[in-house]
Amino acid sequence: MLQSFIILLARQQLQNLPATANIDDCSSQETSMFSLSDRVVIVTGSSRGIGLASARLLAAQGAAVVISSRRQEACDEAAAALRAEGHRALPVACHIGKHADLQHLVDATMAEYGRIDGLVCNAASNPVYGPLAKLDLEAFDVIMHNNLYSQIELTRMVAKPLQDSGHGAIVLVSSVAGLSGQNHLGAYAISKAGEMQLARNLALEYSAAGIRVNTVAPGLIRTDFSQALLADADKVQQLERSLPSRRVGEPEDIAGVIAFLLSDAAAYVNGQTVVADGGMLIAQSL
Ligand SMILES: NC(=O)c1ccc[n+]([C@@H]2O[C@H](COP(=O)([O-])OP(=O)(O)OC[C@H]3O[C@@H](n4cnc5c(N)ncnc54)[C@H](OP(=O)(O)O)[C@@H]3O)[C@@H](O)[C@H]2O)c1
């Protein structure tokens with residue numbers, strides 16, 4: 001309530017609003033900045049983990065979401081769960097590395113909803129673990145293709161509907177791995193650093209079309225993807241002690257950032273990377 005009142009005063013000063021505007025008007029305006037009502041958002045890799053948590057939050061904010069992953073049954077299951085919670089969700093299987101699948105994802109979304117307002121490029125591949133000295137070109141190509149090229153393709157495919165939407169926004173899910181040197185996640189980290197640059201480039205390219213492009217860089221989040229890193233309970237405890245937030249992240253921690261970046265509350269955030277790592281990066285000191 002106090003926060004609403006302060007914002008109301010600031011708005012009156014800045015915009016010369018009538019002094020009679022009441023606090024309820026102000027709080028509904030505040031809420032609407034975060035609303036995704038009537039928007040259609042595609043989330044790749046959304047049958048579980050960060051993608052599913054994001055789709056669930058976006059749907060709770062009013063969006064119709066497109067649930068996507070390589071397996072149709074997994075998409076059906078996740079979409080059915082969201083529908084049972086009262087949300088709108090369309091399941092469409094799509095392997096991000098396959099051009100025809102990406103086109104089908106976009107076409108099926110347009111056929112069902114007739115518009116696309118947001119895209120979350122969340123699915124990624126990391127088929128290898130080990131030093132670059134032992135990395136073969138085939139694995140490198142798969143990682144770069146799935147984690148970078150597919151995103152260029154998909155953003156190209158949704159550019160026109162996003163432009164027509166009038167508030168088009170894209171979020172790429174990167175990683176803090178792309179912000180520091182890596183011994184064993186080398187190629188993956190290069191692709192994740194590439195995504196941050198991709199967001200900067202695409203933000204410039206699409207700004208004339210009114211489309212914003214940003215990246216979120218999660219720290220360690222409890223999902224299937226990070227299972228191997230979280231398998232050793234002692235190491236996890238040690239890590240949690242070293243984190244300023246004192247815990248490993250949950251998918252919902254990233255979902256909130258994604259929902260913000262897609263909403264009008266982030267209308268002035270463009271080409272940026274938002275780090276959500278519980279303070280992992282700032283805690284590294286000599
Ligand atoms: N978890 C972490 O600690 C962490 C940290 C930093 C960044 N990230 C990033 O967060 C994103 C999501 O990771 P997560 O942890 O949520 O993973 P997750 O729980 O393993 O979920 C991955 C999702 O992507 C789908 N998927 C995998 N490969 C795909 C492909 N080639 N095409 C389409 N869909 C595919 C999976 O479904 P199917 O298997 O059915 O296809 C699943 O829905 C990734 O970009 C990852 O790099 C994760």
# chains A, B, ... in the order shown; residues from 1 in each chain; ligands from 1
call {"tool": "closest_atom_pairs", "arguments": {"of": "chain A", "to": "ligand 1", "cutoff": "7 Å", "atoms": "only C-alpha atoms and all ligand atoms", "output": "Markdown table"}}
result
| residue | atom | partner | partner_atom_place_in_ligand_line | distance |
| --- | --- | --- | --- | --- |
| A:Thr44 | CA | ligand 1 | 34 (N) | 6.0 |
| A:Gly45 | CA | ligand 1 | 24 (O) | 3.2 |
| A:Ser46 | CA | ligand 1 | 43 (O) | 4.4 |
| A:Ser47 | CA | ligand 1 | 43 (O) | 3.8 |
| A:Arg48 | CA | ligand 1 | 43 (O) | 4.5 |
| A:Gly49 | CA | ligand 1 | 19 (O) | 3.5 |
| A:Ile50 | CA | ligand 1 | 16 (O) | 3.7 |
| A:Gly51 | CA | ligand 1 | 16 (O) | 5.6 |
| A:Ser68 | CA | ligand 1 | 34 (N) | 6.6 |
| A:Ser69 | CA | ligand 1 | 34 (N) | 3.7 |
| A:Arg70 | CA | ligand 1 | 41 (O) | 3.6 |
| A:Arg71 | CA | ligand 1 | 40 (O) | 4.6 |
| A:Ala74 | CA | ligand 1 | 40 (O) | 5.8 |
| A:Cys94 | CA | ligand 1 | 33 (C) | 5.5 |
| A:His95 | CA | ligand 1 | 32 (N) | 3.6 |
| A:Ile96 | CA | ligand 1 | 32 (N) | 4.0 |
| A:Gly97 | CA | ligand 1 | 31 (N) | 5.8 |
| A:Asn122 | CA | ligand 1 | 45 (O) | 4.6 |
| A:Ala123 | CA | ligand 1 | 24 (O) | 4.2 |
| A:Ala124 | CA | ligand 1 | 45 (O) | 4.3 |
| A:Ser125 | CA | ligand 1 | 28 (N) | 5.6 |
| A:Asn146 | CA | ligand 1 | 31 (N) | 6.5 |
| A:Val173 | CA | ligand 1 | 45 (O) | 5.1 |
| A:Ser174 | CA | ligand 1 | 7 (C) | 5.5 |
| A:Ser175 | CA | ligand 1 | 7 (C) | 4.0 |
| A:Val176 | CA | ligand 1 | 6 (C) | 6.2 |
| A:Ala177 | CA | ligand 1 | 6 (C) | 7.0 |
| A:Ala217 | CA | ligand 1 | 7 (C) | 6.3 |
| A:Pro218 | CA | ligand 1 | 6 (C) | 4.4 |
| A:Gly219 | CA | ligand 1 | 5 (C) | 5.0 |
| A:Leu220 | CA | ligand 1 | 3 (O) | 3.7 |
| A:Ile221 | CA | ligand 1 | 3 (O) | 3.7 |
| A:Arg222 | CA | ligand 1 | 1 (N) | 5.7 |
| A:Thr223 | CA | ligand 1 | 19 (O) | 4.4 |
| A:Asp224 | CA | ligand 1 | 19 (O) | 4.4 |
| A:Phe225 | CA | ligand 1 | 20 (O) | 3.8 |
| A:Ser226 | CA | ligand 1 | 1 (N) | 4.7 |
| A:Pro251 | CA | ligand 1 | 16 (O) | 6.8 |
call {"tool": "write_last_selection", "arguments": {"atoms": "C-alpha atoms", "output": "PDB file, in the first residue's frame"}}
result
ATOM      1  CA  THR A  44      11.019 -24.246 -26.108  1.00  0.00           C
ATOM      2  CA  GLY A  45      12.054 -27.089 -23.799  1.00  0.00           C
ATOM      3  CA  SER A  46       9.000 -26.572 -21.603  1.00  0.00           C
ATOM      4  CA  SER A  47       7.971 -30.125 -20.724  1.00  0.00           C
ATOM      5  CA  ARG A  48       9.969 -29.865 -17.472  1.00  0.00           C
ATOM      6  CA  GLY A  49      12.549 -27.812 -15.544  1.00  0.00           C
ATOM      7  CA  ILE A  50      13.002 -24.089 -16.111  1.00  0.00           C
ATOM      8  CA  GLY A  51      10.861 -24.177 -19.265  1.00  0.00           C
ATOM      9  CA  SER A  68       7.345 -27.767 -26.586  1.00  0.00           C
ATOM     10  CA  SER A  69      10.070 -30.406 -26.358  1.00  0.00           C
ATOM     11  CA  ARG A  70      11.312 -33.314 -28.480  1.00  0.00           C
ATOM     12  CA  ARG A  71       8.685 -35.787 -27.181  1.00  0.00           C
ATOM     13  CA  ALA A  74       5.923 -35.129 -22.594  1.00  0.00           C
ATOM     14  CA  CYS A  94       9.765 -29.669 -31.669  1.00  0.00           C
ATOM     15  CA  HIS A  95      13.429 -30.652 -31.728  1.00  0.00           C
ATOM     16  CA  ILE A  96      15.174 -27.282 -31.778  1.00  0.00           C
ATOM     17  CA  GLY A  97      17.927 -28.658 -34.008  1.00  0.00           C
ATOM     18  CA  ASN A 122      15.037 -22.245 -23.365  1.00  0.00           C
ATOM     19  CA  ALA A 123      15.917 -25.703 -24.760  1.00  0.00           C
ATOM     20  CA  ALA A 124      19.631 -26.396 -25.107  1.00  0.00           C
ATOM     21  CA  SER A 125      22.039 -29.283 -25.640  1.00  0.00           C
ATOM     22  CA  ASN A 146      21.157 -26.351 -31.152  1.00  0.00           C
ATOM     23  CA  VAL A 173      18.034 -18.726 -21.593  1.00  0.00           C
ATOM     24  CA  SER A 174      21.813 -18.575 -21.292  1.00  0.00           C
ATOM     25  CA  SER A 175      23.952 -19.512 -18.259  1.00  0.00           C
ATOM     26  CA  VAL A 176      26.526 -18.102 -15.857  1.00  0.00           C
ATOM     27  CA  ALA A 177      28.781 -20.724 -17.449  1.00  0.00           C
ATOM     28  CA  ALA A 217      21.817 -16.269 -17.163  1.00  0.00           C
ATOM     29  CA  PRO A 218      20.866 -18.767 -14.437  1.00  0.00           C
ATOM     30  CA  GLY A 219      23.304 -20.080 -11.866  1.00  0.00           C
ATOM     31  CA  LEU A 220      22.936 -23.646 -10.622  1.00  0.00           C
ATOM     32  CA  ILE A 221      19.234 -24.592 -10.755  1.00  0.00           C
ATOM     33  CA  ARG A 222      17.748 -27.862  -9.494  1.00  0.00           C
ATOM     34  CA  THR A 223      16.567 -29.669 -12.665  1.00  0.00           C
ATOM     35  CA  ASP A 224      17.300 -32.879 -14.587  1.00  0.00           C
ATOM     36  CA  PHE A 225      19.912 -30.932 -16.569  1.00  0.00           C
ATOM     37  CA  SER A 226      21.996 -30.230 -13.447  1.00  0.00           C
ATOM     38  CA  PRO A 251      13.208 -23.358 -11.737  1.00  0.00           C
TER      39      PRO A 251
END
call {"tool": "residues_around", "arguments": {"residues": "A:Val43", "least_positions_apart": "4", "cutoff": "8 Å", "atoms": "only C-alpha atoms", "output": "mmCIF file with C-alpha atoms, in the first residue's frame"}}
result
data_model
loop_
_atom_site.group_PDB
_atom_site.id
_atom_site.type_symbol
_atom_site.label_atom_id
_atom_site.label_comp_id
_atom_site.auth_asym_id
_atom_site.auth_seq_id
_atom_site.Cartn_x
_atom_site.Cartn_y
_atom_site.Cartn_z
ATOM 1 C CA GLY A 51 10.861 -24.177 -19.265
ATOM 2 C CA SER A 54 8.282 -20.469 -16.853
ATOM 3 C CA ALA A 55 5.321 -21.610 -18.940
ATOM 4 C CA VAL A 65 1.563 -20.804 -23.725
ATOM 5 C CA VAL A 66 2.954 -23.246 -26.250
ATOM 6 C CA ILE A 67 4.574 -26.222 -24.566
ATOM 7 C CA SER A 68 7.345 -27.767 -26.586
ATOM 8 C CA LEU A 119 9.349 -16.366 -27.452
ATOM 9 C CA VAL A 120 11.471 -18.053 -24.801
ATOM 10 C CA CYS A 121 14.423 -19.955 -26.312
ATOM 11 C CA ASN A 122 15.037 -22.245 -23.365
#
call {"tool": "residues_around", "arguments": {"residues": "A:Met157", "least_positions_apart": "5", "cutoff": "9 Å", "atoms": "only C-alpha atoms", "output": "ChimeraX atom specification"}}
result
/A:102-103,106,152
call {"tool": "write_last_selection", "arguments": {"atoms": "N, CA and C atoms", "output": "JSON list (two decimals), in the first residue's frame"}}
result
[["chain", "number", "residue", "atom", "x", "y", "z"],
["A", 102, "LEU", "N", 10.98, -26.54, -36.17],
["A", 102, "LEU", "CA", 10.84, -25.14, -35.75],
["A", 102, "LEU", "C", 9.72, -24.46, -36.53],
["A", 103, "GLN", "N", 9.68, -24.72, -37.83],
["A", 103, "GLN", "CA", 8.65, -24.11, -38.67],
["A", 103, "GLN", "C", 7.26, -24.62, -38.25],
["A", 106, "VAL", "N", 6.02, -22.85, -35.09],
["A", 106, "VAL", "CA", 5.49, -21.51, -35.37],
["A", 106, "VAL", "C", 4.14, -21.61, -36.08],
["A", 152, "ILE", "N", 18.67, -18.46, -33.86],
["A", 152, "ILE", "CA", 18.64, -17.47, -34.95],
["A", 152, "ILE", "C", 17.49, -17.83, -35.89]]
call {"tool": "residues_around", "arguments": {"residues": "A:Ala89", "least_positions_apart": "6", "cutoff": "10 Å", "atoms": "only C-alpha atoms", "output": "VMD selection string"}}
result
chain A and resid 40 to 42 55 to 56 59 63 to 67 75 to 76 78 to 83
call {"tool": "select_by_dssp", "arguments": {"residues": "stretch 29-109 of chain A", "states": "strand (DSSP E)", "output": "list of chain:residue names"}}
result
A:Val40, A:Val41, A:Ile42, A:Val43, A:Ala64, A:Val65, A:Val66, A:Ile67, A:Arg88, A:Ala89, A:Leu90, A:Pro91
call {"tool": "write_last_selection", "arguments": {"atoms": "N, CA and C atoms", "output": "PDB file, in the first residue's frame"}}
result
ATOM      1  N   VAL A  40       0.433 -14.514 -26.411  1.00  0.00           N
ATOM      2  CA  VAL A  40       0.762 -15.896 -26.767  1.00  0.00           C
ATOM      3  C   VAL A  40       2.285 -16.037 -26.728  1.00  0.00           C
ATOM      4  N   VAL A  41       2.748 -16.999 -25.943  1.00  0.00           N
ATOM      5  CA  VAL A  41       4.192 -17.153 -25.765  1.00  0.00           C
ATOM      6  C   VAL A  41       4.620 -18.592 -26.047  1.00  0.00           C
ATOM      7  N   ILE A  42       5.599 -18.753 -26.916  1.00  0.00           N
ATOM      8  CA  ILE A  42       6.203 -20.062 -27.183  1.00  0.00           C
ATOM      9  C   ILE A  42       7.382 -20.240 -26.223  1.00  0.00           C
ATOM     10  N   VAL A  43       7.433 -21.390 -25.553  1.00  0.00           N
ATOM     11  CA  VAL A  43       8.573 -21.696 -24.676  1.00  0.00           C
ATOM     12  C   VAL A  43       9.178 -23.016 -25.157  1.00  0.00           C
ATOM     13  N   ALA A  64      -1.383 -17.346 -23.074  1.00  0.00           N
ATOM     14  CA  ALA A  64      -1.590 -18.683 -23.631  1.00  0.00           C
ATOM     15  C   ALA A  64      -0.195 -19.169 -23.995  1.00  0.00           C
ATOM     16  N   VAL A  65       0.179 -20.357 -23.513  1.00  0.00           N
ATOM     17  CA  VAL A  65       1.563 -20.804 -23.725  1.00  0.00           C
ATOM     18  C   VAL A  65       1.611 -21.996 -24.673  1.00  0.00           C
ATOM     19  N   VAL A  66       2.720 -22.096 -25.391  1.00  0.00           N
ATOM     20  CA  VAL A  66       2.954 -23.246 -26.250  1.00  0.00           C
ATOM     21  C   VAL A  66       4.054 -24.077 -25.601  1.00  0.00           C
ATOM     22  N   ILE A  67       3.657 -25.305 -25.248  1.00  0.00           N
ATOM     23  CA  ILE A  67       4.574 -26.222 -24.566  1.00  0.00           C
ATOM     24  C   ILE A  67       5.280 -27.067 -25.623  1.00  0.00           C
ATOM     25  N   ARG A  88      -4.286 -21.806 -20.431  1.00  0.00           N
ATOM     26  CA  ARG A  88      -4.331 -22.178 -21.847  1.00  0.00           C
ATOM     27  C   ARG A  88      -2.952 -22.656 -22.267  1.00  0.00           C
ATOM     28  N   ALA A  89      -2.883 -23.879 -22.809  1.00  0.00           N
ATOM     29  CA  ALA A  89      -1.583 -24.446 -23.176  1.00  0.00           C
ATOM     30  C   ALA A  89      -1.733 -25.360 -24.380  1.00  0.00           C
ATOM     31  N   LEU A  90      -0.879 -25.132 -25.372  1.00  0.00           N
ATOM     32  CA  LEU A  90      -0.912 -25.940 -26.598  1.00  0.00           C
ATOM     33  C   LEU A  90       0.373 -26.778 -26.663  1.00  0.00           C
ATOM     34  N   PRO A  91       0.261 -28.114 -26.736  1.00  0.00           N
ATOM     35  CA  PRO A  91       1.469 -28.935 -26.819  1.00  0.00           C
ATOM     36  C   PRO A  91       1.906 -29.159 -28.266  1.00  0.00           C
TER      37      PRO A  91
END
call {"tool": "residues_around", "arguments": {"residues": "A:Ala108", "least_positions_apart": "4", "cutoff": "8 Å", "atoms": "only C-alpha atoms", "output": "list in words"}}
result
Val92, His104 and Glu112 of chain A
call {"tool": "write_last_selection", "arguments": {"atoms": "N, CA and C atoms", "output": "CSV table (one decimal), in the first residue's frame"}}
result
chain,number,residue,atom,x,y,z
A,92,VAL,N,3.2,-28.8,-28.6
A,92,VAL,CA,3.7,-29.0,-29.9
A,92,VAL,C,5.1,-29.6,-29.8
A,104,HIS,N,7.2,-25.9,-37.9
A,104,HIS,CA,5.9,-26.5,-37.5
A,104,HIS,C,5.5,-25.9,-36.2
A,112,GLU,N,-3.4,-22.1,-34.1
A,112,GLU,CA,-4.2,-22.2,-32.9
A,112,GLU,C,-4.6,-20.8,-32.4
call {"tool": "atom_distance", "arguments": {"atom1": "atom CA of A:Ala53", "atom2": "atom CA of A:Ser180"}}
result
26.3 Å
call {"tool": "closest_atom_pairs", "arguments": {"of": "stretch 127-208 of chain A", "to": "stretch 31-38 of chain A", "cutoff": "12 Å", "atoms": "only C-alpha atoms", "output": "CSV"}}
result
residue,atom,partner,partner_atom,distance
A:Ser165,CA,A:Asp38,CA,10.7
A:His167,CA,A:Leu36,CA,10.5
A:Gly168,CA,A:Leu36,CA,11.4
A:Ala169,CA,A:Leu36,CA,11.4
call {"tool": "write_last_selection", "arguments": {"atoms": "C-alpha atoms", "output": "PDB file, in the first residue's frame"}}
result
ATOM      1  CA  SER A 165       1.954  -7.972 -31.755  1.00  0.00           C
ATOM      2  CA  HIS A 167       4.963  -5.598 -27.768  1.00  0.00           C
ATOM      3  CA  GLY A 168       7.042  -8.501 -29.063  1.00  0.00           C
ATOM      4  CA  ALA A 169       9.717  -9.808 -26.716  1.00  0.00           C
TER       5      ALA A 169
END
call {"tool": "closest_residue", "arguments": {"among": "A:Asn126, A:Ser191, A:Ser242, A:Gln72", "to": "A:Gln151", "atoms": "only C-alpha atoms"}}
result
A:Ser191
call {"tool": "select_by_dssp", "arguments": {"residues": "stretch 9-257 of chain A", "states": "helix (DSSP H, G or I)", "output": "ChimeraX atom specification"}}
result
/A:9-15,23-34,49-60,72-84,99-113,132-134,137-165,176-179,186-209,224-230,233-242,251-257
